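So this block is protein09.cif, mmCIF, N, CA and C atoms:
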```cif
data_work
#
loop_
_atom_site.label_atom_id
_atom_site.label_comp_id
_atom_site.auth_asym_id
_atom_site.auth_seq_id
_atom_site.Cartn_x
_atom_site.Cartn_y
_atom_site.Cartn_z
N MET X 1 62.35 -32.63 3.08
CA MET X 1 62.21 -31.74 4.22
C MET X 1 62.66 -32.47 5.48
N ALA X 2 63.31 -31.75 6.36
CA ALA X 2 63.84 -32.34 7.57
C ALA X 2 62.72 -32.56 8.59
N ILE X 3 62.87 -33.62 9.34
CA ILE X 3 61.91 -33.89 10.41
C ILE X 3 62.14 -32.91 11.56
N ASN X 4 63.40 -32.65 11.86
CA ASN X 4 63.73 -31.66 12.88
C ASN X 4 64.97 -30.88 12.43
N LYS X 5 65.37 -29.92 13.23
CA LYS X 5 66.50 -29.03 12.89
C LYS X 5 67.83 -29.78 12.86
N ASN X 6 67.92 -30.92 13.50
CA ASN X 6 69.18 -31.66 13.58
C ASN X 6 69.45 -32.50 12.35
N HIS X 7 68.50 -32.64 11.47
CA HIS X 7 68.68 -33.51 10.30
C HIS X 7 68.15 -32.79 9.07
N GLU X 8 68.97 -31.89 8.51
CA GLU X 8 68.55 -31.09 7.38
C GLU X 8 69.07 -31.66 6.07
N PHE X 9 68.34 -31.40 5.00
CA PHE X 9 68.70 -31.82 3.65
C PHE X 9 68.67 -30.62 2.74
N GLU X 10 69.54 -30.65 1.74
CA GLU X 10 69.56 -29.61 0.71
C GLU X 10 70.15 -30.19 -0.56
N ASP X 11 69.87 -29.54 -1.67
CA ASP X 11 70.54 -29.88 -2.92
C ASP X 11 71.79 -29.02 -3.02
N LEU X 12 72.96 -29.63 -2.98
CA LEU X 12 74.23 -28.93 -3.12
C LEU X 12 74.84 -29.36 -4.45
N ASP X 13 75.02 -28.43 -5.34
CA ASP X 13 75.55 -28.71 -6.69
C ASP X 13 74.71 -29.77 -7.40
N GLY X 14 73.40 -29.75 -7.19
CA GLY X 14 72.51 -30.69 -7.86
C GLY X 14 72.46 -32.07 -7.24
N VAL X 15 73.06 -32.25 -6.07
CA VAL X 15 73.08 -33.55 -5.40
C VAL X 15 72.35 -33.41 -4.07
N LYS X 16 71.43 -34.32 -3.80
CA LYS X 16 70.71 -34.31 -2.51
C LYS X 16 71.69 -34.68 -1.40
N CYS X 17 71.85 -33.82 -0.40
CA CYS X 17 72.85 -34.04 0.65
C CYS X 17 72.24 -33.80 2.03
N ALA X 18 72.78 -34.53 3.01
CA ALA X 18 72.49 -34.24 4.41
C ALA X 18 73.47 -33.15 4.82
N ILE X 19 72.97 -32.08 5.43
CA ILE X 19 73.82 -30.95 5.81
C ILE X 19 74.58 -31.29 7.08
N VAL X 20 75.90 -31.12 7.02
CA VAL X 20 76.75 -31.34 8.18
C VAL X 20 76.91 -30.03 8.94
N GLU X 21 77.21 -28.96 8.21
CA GLU X 21 77.41 -27.66 8.85
C GLU X 21 77.23 -26.55 7.83
N LYS X 22 76.62 -25.46 8.28
CA LYS X 22 76.44 -24.28 7.43
C LYS X 22 77.33 -23.15 7.95
N ASN X 23 77.67 -22.24 7.07
CA ASN X 23 78.50 -21.07 7.39
C ASN X 23 79.82 -21.45 8.05
N ALA X 24 80.47 -22.45 7.50
CA ALA X 24 81.75 -22.92 8.02
C ALA X 24 82.89 -22.16 7.35
N SER X 25 83.94 -21.87 8.11
CA SER X 25 85.12 -21.21 7.57
C SER X 25 85.93 -22.21 6.73
N GLN X 26 86.91 -21.70 6.00
CA GLN X 26 87.72 -22.58 5.16
C GLN X 26 88.49 -23.59 6.01
N GLU X 27 89.00 -23.19 7.18
CA GLU X 27 89.73 -24.11 8.06
C GLU X 27 88.81 -25.21 8.56
N ARG X 28 87.60 -24.84 8.91
CA ARG X 28 86.62 -25.83 9.39
C ARG X 28 86.24 -26.80 8.27
N VAL X 29 86.10 -26.28 7.06
CA VAL X 29 85.77 -27.12 5.91
C VAL X 29 86.87 -28.13 5.67
N ASP X 30 88.13 -27.69 5.75
CA ASP X 30 89.26 -28.61 5.54
C ASP X 30 89.25 -29.72 6.58
N PHE X 31 88.99 -29.36 7.84
CA PHE X 31 88.95 -30.34 8.93
C PHE X 31 87.82 -31.36 8.70
N LEU X 32 86.61 -30.86 8.44
CA LEU X 32 85.46 -31.75 8.25
C LEU X 32 85.61 -32.62 7.01
N LYS X 33 86.12 -32.03 5.94
CA LYS X 33 86.27 -32.79 4.70
C LYS X 33 87.24 -33.95 4.88
N ASP X 34 88.37 -33.69 5.55
CA ASP X 34 89.34 -34.76 5.80
C ASP X 34 88.75 -35.85 6.69
N LEU X 35 88.09 -35.44 7.76
CA LEU X 35 87.52 -36.40 8.71
C LEU X 35 86.42 -37.25 8.07
N LEU X 36 85.50 -36.61 7.36
CA LEU X 36 84.38 -37.34 6.77
C LEU X 36 84.83 -38.20 5.59
N ALA X 37 85.78 -37.73 4.81
CA ALA X 37 86.29 -38.53 3.70
C ALA X 37 87.02 -39.76 4.23
N PHE X 38 87.73 -39.62 5.34
CA PHE X 38 88.40 -40.77 5.95
C PHE X 38 87.38 -41.82 6.39
N ASN X 39 86.20 -41.36 6.83
CA ASN X 39 85.14 -42.26 7.27
C ASN X 39 84.24 -42.69 6.12
N LYS X 40 84.73 -42.54 4.89
CA LYS X 40 84.09 -43.05 3.67
C LYS X 40 82.76 -42.36 3.32
N TYR X 41 82.67 -41.06 3.61
CA TYR X 41 81.52 -40.27 3.18
C TYR X 41 81.93 -39.41 1.99
N ASN X 42 81.04 -39.27 1.03
CA ASN X 42 81.29 -38.37 -0.09
C ASN X 42 80.88 -36.97 0.34
N VAL X 43 81.85 -36.06 0.41
CA VAL X 43 81.63 -34.72 0.93
C VAL X 43 81.40 -33.75 -0.23
N VAL X 44 80.39 -32.89 -0.07
CA VAL X 44 80.10 -31.84 -1.04
C VAL X 44 80.19 -30.51 -0.31
N VAL X 45 80.97 -29.58 -0.87
CA VAL X 45 81.16 -28.27 -0.26
C VAL X 45 80.77 -27.21 -1.28
N VAL X 46 79.90 -26.28 -0.88
CA VAL X 46 79.52 -25.16 -1.74
C VAL X 46 79.62 -23.87 -0.93
N ALA X 47 79.81 -22.78 -1.62
CA ALA X 47 79.86 -21.47 -0.96
C ALA X 47 78.47 -21.12 -0.44
N SER X 48 78.43 -20.57 0.77
CA SER X 48 77.15 -20.14 1.33
C SER X 48 76.69 -18.89 0.60
N PRO X 49 75.39 -18.71 0.46
CA PRO X 49 74.90 -17.50 -0.22
C PRO X 49 75.24 -16.27 0.61
N PRO X 50 75.49 -15.12 -0.05
CA PRO X 50 75.80 -13.91 0.70
C PRO X 50 74.59 -13.44 1.50
N PRO X 51 74.82 -12.70 2.59
CA PRO X 51 73.68 -12.21 3.37
C PRO X 51 72.86 -11.21 2.55
N LYS X 52 71.59 -11.11 2.89
CA LYS X 52 70.71 -10.20 2.16
C LYS X 52 71.11 -8.76 2.45
N ALA X 53 71.03 -7.93 1.43
CA ALA X 53 71.39 -6.52 1.56
C ALA X 53 70.28 -5.76 2.28
N ALA X 54 70.68 -4.71 2.98
CA ALA X 54 69.71 -3.85 3.67
C ALA X 54 68.95 -3.03 2.63
N PRO X 55 67.68 -2.73 2.90
CA PRO X 55 66.92 -1.94 1.93
C PRO X 55 67.48 -0.52 1.82
N ALA X 56 67.33 0.08 0.66
CA ALA X 56 67.82 1.44 0.43
C ALA X 56 66.98 2.41 1.26
N PRO X 57 67.60 3.51 1.74
CA PRO X 57 66.84 4.48 2.52
C PRO X 57 65.81 5.18 1.64
N LYS X 58 64.66 5.51 2.22
CA LYS X 58 63.59 6.16 1.49
C LYS X 58 63.94 7.64 1.30
N PRO X 59 63.56 8.21 0.17
CA PRO X 59 63.85 9.63 -0.05
C PRO X 59 63.02 10.49 0.89
N VAL X 60 63.60 11.64 1.24
CA VAL X 60 62.94 12.56 2.16
C VAL X 60 62.15 13.57 1.35
N ALA X 61 60.91 13.78 1.72
CA ALA X 61 60.07 14.76 1.04
C ALA X 61 60.48 16.16 1.50
N VAL X 62 60.70 17.07 0.54
CA VAL X 62 61.12 18.44 0.87
C VAL X 62 60.26 19.43 0.09
N ALA X 63 60.32 20.69 0.54
CA ALA X 63 59.57 21.75 -0.16
C ALA X 63 60.26 22.05 -1.49
N GLU X 64 59.52 22.65 -2.39
CA GLU X 64 60.03 22.92 -3.73
C GLU X 64 61.18 23.93 -3.66
N GLY X 65 62.26 23.64 -4.35
CA GLY X 65 63.41 24.55 -4.39
C GLY X 65 64.41 24.32 -3.26
N GLU X 66 64.07 23.55 -2.27
CA GLU X 66 64.97 23.31 -1.14
C GLU X 66 65.96 22.19 -1.51
N VAL X 67 67.20 22.38 -1.13
CA VAL X 67 68.23 21.39 -1.44
C VAL X 67 68.51 20.58 -0.18
N VAL X 68 68.43 19.28 -0.33
CA VAL X 68 68.69 18.39 0.80
C VAL X 68 69.97 17.61 0.51
N PRO X 69 70.93 17.68 1.42
CA PRO X 69 72.16 16.92 1.17
C PRO X 69 71.86 15.42 1.27
N GLN X 70 72.40 14.68 0.32
CA GLN X 70 72.20 13.23 0.31
C GLN X 70 73.12 12.60 1.36
N PRO X 71 72.57 11.73 2.19
CA PRO X 71 73.43 11.06 3.19
C PRO X 71 74.41 10.15 2.47
N GLU X 72 75.61 10.13 3.00
CA GLU X 72 76.64 9.30 2.41
C GLU X 72 76.42 7.85 2.83
N ILE X 73 76.31 6.98 1.85
CA ILE X 73 76.06 5.57 2.13
C ILE X 73 77.41 4.86 2.17
N PRO X 74 77.76 4.34 3.35
CA PRO X 74 79.05 3.65 3.43
C PRO X 74 79.02 2.34 2.66
N THR X 75 80.13 1.99 2.08
CA THR X 75 80.19 0.71 1.38
C THR X 75 80.29 -0.40 2.42
N PRO X 76 79.50 -1.43 2.25
CA PRO X 76 79.54 -2.51 3.25
C PRO X 76 80.86 -3.27 3.16
N PRO X 77 81.32 -3.78 4.29
CA PRO X 77 82.55 -4.58 4.24
C PRO X 77 82.30 -5.86 3.45
N PRO X 78 83.34 -6.43 2.87
CA PRO X 78 83.12 -7.66 2.10
C PRO X 78 82.59 -8.77 3.00
N ALA X 79 81.66 -9.52 2.45
CA ALA X 79 81.07 -10.61 3.23
C ALA X 79 82.12 -11.69 3.48
N PRO X 80 82.11 -12.25 4.67
CA PRO X 80 83.07 -13.33 4.93
C PRO X 80 82.75 -14.54 4.05
N THR X 81 83.79 -15.19 3.62
CA THR X 81 83.60 -16.36 2.77
C THR X 81 83.30 -17.56 3.65
N THR X 82 82.10 -18.06 3.55
CA THR X 82 81.70 -19.23 4.32
C THR X 82 81.16 -20.29 3.38
N PHE X 83 81.10 -21.50 3.90
CA PHE X 83 80.72 -22.63 3.08
C PHE X 83 79.68 -23.49 3.78
N THR X 84 78.94 -24.24 2.98
CA THR X 84 78.01 -25.24 3.48
C THR X 84 78.60 -26.60 3.16
N VAL X 85 78.68 -27.45 4.19
CA VAL X 85 79.27 -28.78 4.03
C VAL X 85 78.15 -29.81 4.14
N GLY X 86 78.13 -30.73 3.19
CA GLY X 86 77.12 -31.79 3.21
C GLY X 86 77.74 -33.11 2.79
N VAL X 87 77.04 -34.19 3.06
CA VAL X 87 77.47 -35.52 2.61
C VAL X 87 76.33 -36.12 1.79
N THR X 88 76.71 -36.96 0.82
CA THR X 88 75.71 -37.52 -0.09
C THR X 88 74.86 -38.60 0.57
N ASP X 89 75.31 -39.15 1.69
CA ASP X 89 74.53 -40.14 2.42
C ASP X 89 73.49 -39.38 3.26
N VAL X 90 72.25 -39.38 2.80
CA VAL X 90 71.22 -38.60 3.48
C VAL X 90 70.84 -39.15 4.85
N ARG X 91 71.33 -40.35 5.17
CA ARG X 91 71.07 -40.90 6.51
C ARG X 91 72.01 -40.32 7.55
N PHE X 92 73.05 -39.60 7.12
CA PHE X 92 74.05 -39.08 8.05
C PHE X 92 73.46 -37.97 8.91
N ASN X 93 73.72 -38.05 10.19
CA ASN X 93 73.34 -37.03 11.16
C ASN X 93 74.55 -36.85 12.06
N ALA X 94 75.11 -35.65 12.11
CA ALA X 94 76.33 -35.40 12.86
C ALA X 94 76.17 -35.72 14.35
N THR X 95 75.05 -35.37 14.93
CA THR X 95 74.83 -35.64 16.36
C THR X 95 74.82 -37.14 16.63
N ASN X 96 74.11 -37.89 15.81
CA ASN X 96 74.07 -39.35 15.99
C ASN X 96 75.44 -39.98 15.73
N ALA X 97 76.17 -39.46 14.76
CA ALA X 97 77.48 -40.02 14.45
C ALA X 97 78.47 -39.80 15.59
N ILE X 98 78.41 -38.65 16.23
CA ILE X 98 79.35 -38.35 17.32
C ILE X 98 78.98 -39.15 18.57
N PHE X 99 77.75 -39.03 19.00
CA PHE X 99 77.35 -39.71 20.24
C PHE X 99 77.11 -41.21 20.04
N GLY X 100 76.91 -41.63 18.81
CA GLY X 100 76.82 -43.05 18.50
C GLY X 100 78.19 -43.68 18.30
N ARG X 101 79.23 -42.86 18.37
CA ARG X 101 80.62 -43.29 18.31
C ARG X 101 80.93 -44.02 17.00
N SER X 102 80.38 -43.52 15.89
CA SER X 102 80.60 -44.19 14.61
C SER X 102 81.70 -43.55 13.76
N LEU X 103 82.20 -42.39 14.16
CA LEU X 103 83.28 -41.75 13.41
C LEU X 103 84.62 -42.03 14.07
N LYS X 104 85.65 -42.22 13.25
CA LYS X 104 87.00 -42.46 13.77
C LYS X 104 87.97 -41.47 13.17
N THR X 105 89.05 -41.20 13.91
CA THR X 105 90.12 -40.36 13.40
C THR X 105 91.10 -41.21 12.61
N LYS X 106 92.05 -40.59 11.96
CA LYS X 106 93.06 -41.32 11.20
C LYS X 106 93.94 -42.18 12.11
N GLU X 107 94.04 -41.80 13.37
CA GLU X 107 94.83 -42.56 14.34
C GLU X 107 94.06 -43.76 14.88
N GLY X 108 92.79 -43.89 14.54
CA GLY X 108 91.98 -45.02 14.99
C GLY X 108 91.19 -44.73 16.25
N ASN X 109 91.24 -43.52 16.77
CA ASN X 109 90.47 -43.15 17.95
C ASN X 109 89.04 -42.77 17.54
N ILE X 110 88.13 -42.91 18.48
CA ILE X 110 86.74 -42.52 18.24
C ILE X 110 86.64 -41.00 18.37
N VAL X 111 85.89 -40.38 17.48
CA VAL X 111 85.73 -38.92 17.48
C VAL X 111 84.86 -38.52 18.66
N THR X 112 85.38 -37.64 19.49
CA THR X 112 84.62 -37.11 20.62
C THR X 112 84.02 -35.76 20.24
N LEU X 113 83.12 -35.27 21.07
CA LEU X 113 82.49 -33.99 20.80
C LEU X 113 83.53 -32.87 20.80
N ALA X 114 84.46 -32.90 21.74
CA ALA X 114 85.49 -31.85 21.80
C ALA X 114 86.37 -31.88 20.56
N TYR X 115 86.66 -33.06 20.03
CA TYR X 115 87.46 -33.17 18.82
C TYR X 115 86.66 -32.65 17.63
N TRP X 116 85.39 -33.00 17.54
CA TRP X 116 84.53 -32.54 16.45
C TRP X 116 84.44 -31.02 16.44
N GLN X 117 84.33 -30.42 17.63
CA GLN X 117 84.25 -28.96 17.74
C GLN X 117 85.62 -28.30 17.67
N GLN X 118 86.66 -29.07 17.50
CA GLN X 118 88.04 -28.63 17.40
C GLN X 118 88.52 -27.91 18.67
N LYS X 119 88.01 -28.35 19.81
CA LYS X 119 88.50 -27.85 21.09
C LYS X 119 89.71 -28.64 21.54
N ASP X 120 89.77 -29.92 21.18
CA ASP X 120 90.91 -30.78 21.46
C ASP X 120 91.58 -31.14 20.14
N ALA X 121 92.92 -31.11 20.15
CA ALA X 121 93.67 -31.45 18.93
C ALA X 121 93.72 -32.96 18.72
N VAL X 122 93.58 -33.73 19.81
CA VAL X 122 93.63 -35.19 19.74
C VAL X 122 92.36 -35.74 20.35
N SER X 123 91.78 -36.73 19.71
CA SER X 123 90.58 -37.36 20.23
C SER X 123 90.98 -38.40 21.27
N ASN X 124 90.75 -38.09 22.54
CA ASN X 124 91.10 -39.01 23.62
C ASN X 124 89.81 -39.47 24.27
N ASP X 125 89.41 -40.68 23.96
CA ASP X 125 88.14 -41.21 24.44
C ASP X 125 88.30 -42.02 25.72
N GLU X 126 89.51 -42.14 26.22
CA GLU X 126 89.74 -43.00 27.39
C GLU X 126 89.26 -42.38 28.68
N VAL X 127 89.28 -41.04 28.79
CA VAL X 127 88.81 -40.37 29.99
C VAL X 127 87.36 -39.95 29.75
N PRO X 128 86.41 -40.42 30.54
CA PRO X 128 85.00 -40.07 30.34
C PRO X 128 84.78 -38.57 30.52
N TYR X 129 83.76 -38.05 29.85
CA TYR X 129 83.49 -36.63 29.89
C TYR X 129 83.24 -36.11 31.31
N TYR X 130 82.65 -36.93 32.18
CA TYR X 130 82.30 -36.50 33.52
C TYR X 130 83.51 -36.49 34.45
N ALA X 131 84.61 -37.13 34.06
CA ALA X 131 85.80 -37.17 34.88
C ALA X 131 86.76 -36.03 34.55
N LYS X 132 86.52 -35.30 33.43
CA LYS X 132 87.38 -34.19 33.07
C LYS X 132 87.07 -33.00 33.93
N SER X 133 88.10 -32.26 34.29
CA SER X 133 87.86 -31.08 35.10
C SER X 133 88.00 -29.82 34.31
#
```

As structure tokens, the full file:
Amino acid sequence: MAINKNHEFEDLDGVKCAIVEKNASQERVDFLKDLLAFNKYNVVVVASPPPKAAPAPKPVAVAEGEVVPQPEIPTPPPAPTTFTVGVTDVRFNATNAIFGRSLKTKEGNIVTLAYWQQKDAVSNDEVPYYAKS
């Protein structure tokens, strides 16, 4: 069990893992898997469970012999395919790894928060966060 929300654990494919991100898209999974594998973490990716279905509508009580039209139930749109990403090192915490400056890119730069969130295409750690406009 996690001590707080920032450090969650789950069994993914029968392996105890620290959760990196839940409900991630395929593009996000590819990015995280490459980055974490480069930093020598064993990455486990599983499909997220589908959302729970809404309960069926209750039948309407009517008088005997009366015909009630059945409401048309629309088919739900297909659930988006999302994934849960975890690493087998249960000591891993994404927040500590980013702000502790322990992750590196393939170019040798330190991973910044903007790079982790995929807001910047290149991790540029030379300009401090407070100096950016």

Interatomic distance, atom CA of Val20 of chain X to atom C of Glu107 of chain X (Å, one decimal): 22.3 Å

All residues 8 Å or closer to Thr112 of chain X, all atoms listed in the file, same chain fewer than 5 positions away omitted, as a list in words: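 Listing them by chain and then by number gives Ile98, Phe99, Arg101, Leu103, Lys104, Thr105, Gln117, Gln118, Val122, Ser123, Asn124 and Asp125 of chain X.
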
Straight-line distance linking atom CA of Cys17 of chain X with atom C of Val46 of chain X, stated in Å to one decimal: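 These two atoms are separated by 12.3 Å.
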
Show which residues sit within 12 Å of Ala121 of chain X, as a PDB file with N, CA and C atoms, keeping the file's coordinate frame. Count only C-alpha atoms, and ignore same-chain residues fewer than 6 positions away.
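The result, written out as selection_26.pdb:
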```pdb
ATOM      1  N   PHE X  31      88.990 -29.360   7.840  1.00  0.00           N
ATOM      2  CA  PHE X  31      88.950 -30.340   8.930  1.00  0.00           C
ATOM      3  C   PHE X  31      87.820 -31.360   8.700  1.00  0.00           C
ATOM      4  N   THR X 105      89.050 -41.200  13.910  1.00  0.00           N
ATOM      5  CA  THR X 105      90.120 -40.360  13.400  1.00  0.00           C
ATOM      6  C   THR X 105      91.100 -41.210  12.610  1.00  0.00           C
ATOM      7  N   VAL X 111      85.890 -40.380  17.480  1.00  0.00           N
ATOM      8  CA  VAL X 111      85.730 -38.920  17.480  1.00  0.00           C
ATOM      9  C   VAL X 111      84.860 -38.520  18.660  1.00  0.00           C
ATOM     10  N   THR X 112      85.380 -37.640  19.490  1.00  0.00           N
ATOM     11  CA  THR X 112      84.620 -37.110  20.620  1.00  0.00           C
ATOM     12  C   THR X 112      84.020 -35.760  20.240  1.00  0.00           C
ATOM     13  N   LEU X 113      83.120 -35.270  21.070  1.00  0.00           N
ATOM     14  CA  LEU X 113      82.490 -33.990  20.800  1.00  0.00           C
ATOM     15  C   LEU X 113      83.530 -32.870  20.800  1.00  0.00           C
ATOM     16  N   ALA X 114      84.460 -32.900  21.740  1.00  0.00           N
ATOM     17  CA  ALA X 114      85.490 -31.850  21.800  1.00  0.00           C
ATOM     18  C   ALA X 114      86.370 -31.880  20.560  1.00  0.00           C
ATOM     19  N   TYR X 115      86.660 -33.060  20.030  1.00  0.00           N
ATOM     20  CA  TYR X 115      87.460 -33.170  18.820  1.00  0.00           C
ATOM     21  C   TYR X 115      86.660 -32.650  17.630  1.00  0.00           C
TER      22      TYR X 115
END
```

Residues selected by the PyMOL selection byres (((chain X and resi 81-84 and name CA) around 6) and name CA), written as a PyMOL selection string: chain X and resi 21-25+45-48+80+85

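Taking atom N of Asp89 of chain X and atom C of Val43 of chain X as the two end points, the separation is 8.4 Å.
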
Proximity to Ser102 of chain X - best of X:Asn39, X:Ile19, X:Asp30, X:Asp13, all atoms listed in the file: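 Of the candidates, the smallest distance to Ser102 of chain X is held by X:Asn39.
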
Residue nearest Val87 of chain X - candidates X:Lys119, X:Thr75, X:Ala18, X:Leu36, atoms counted: all atoms listed in the file: X:Ala18
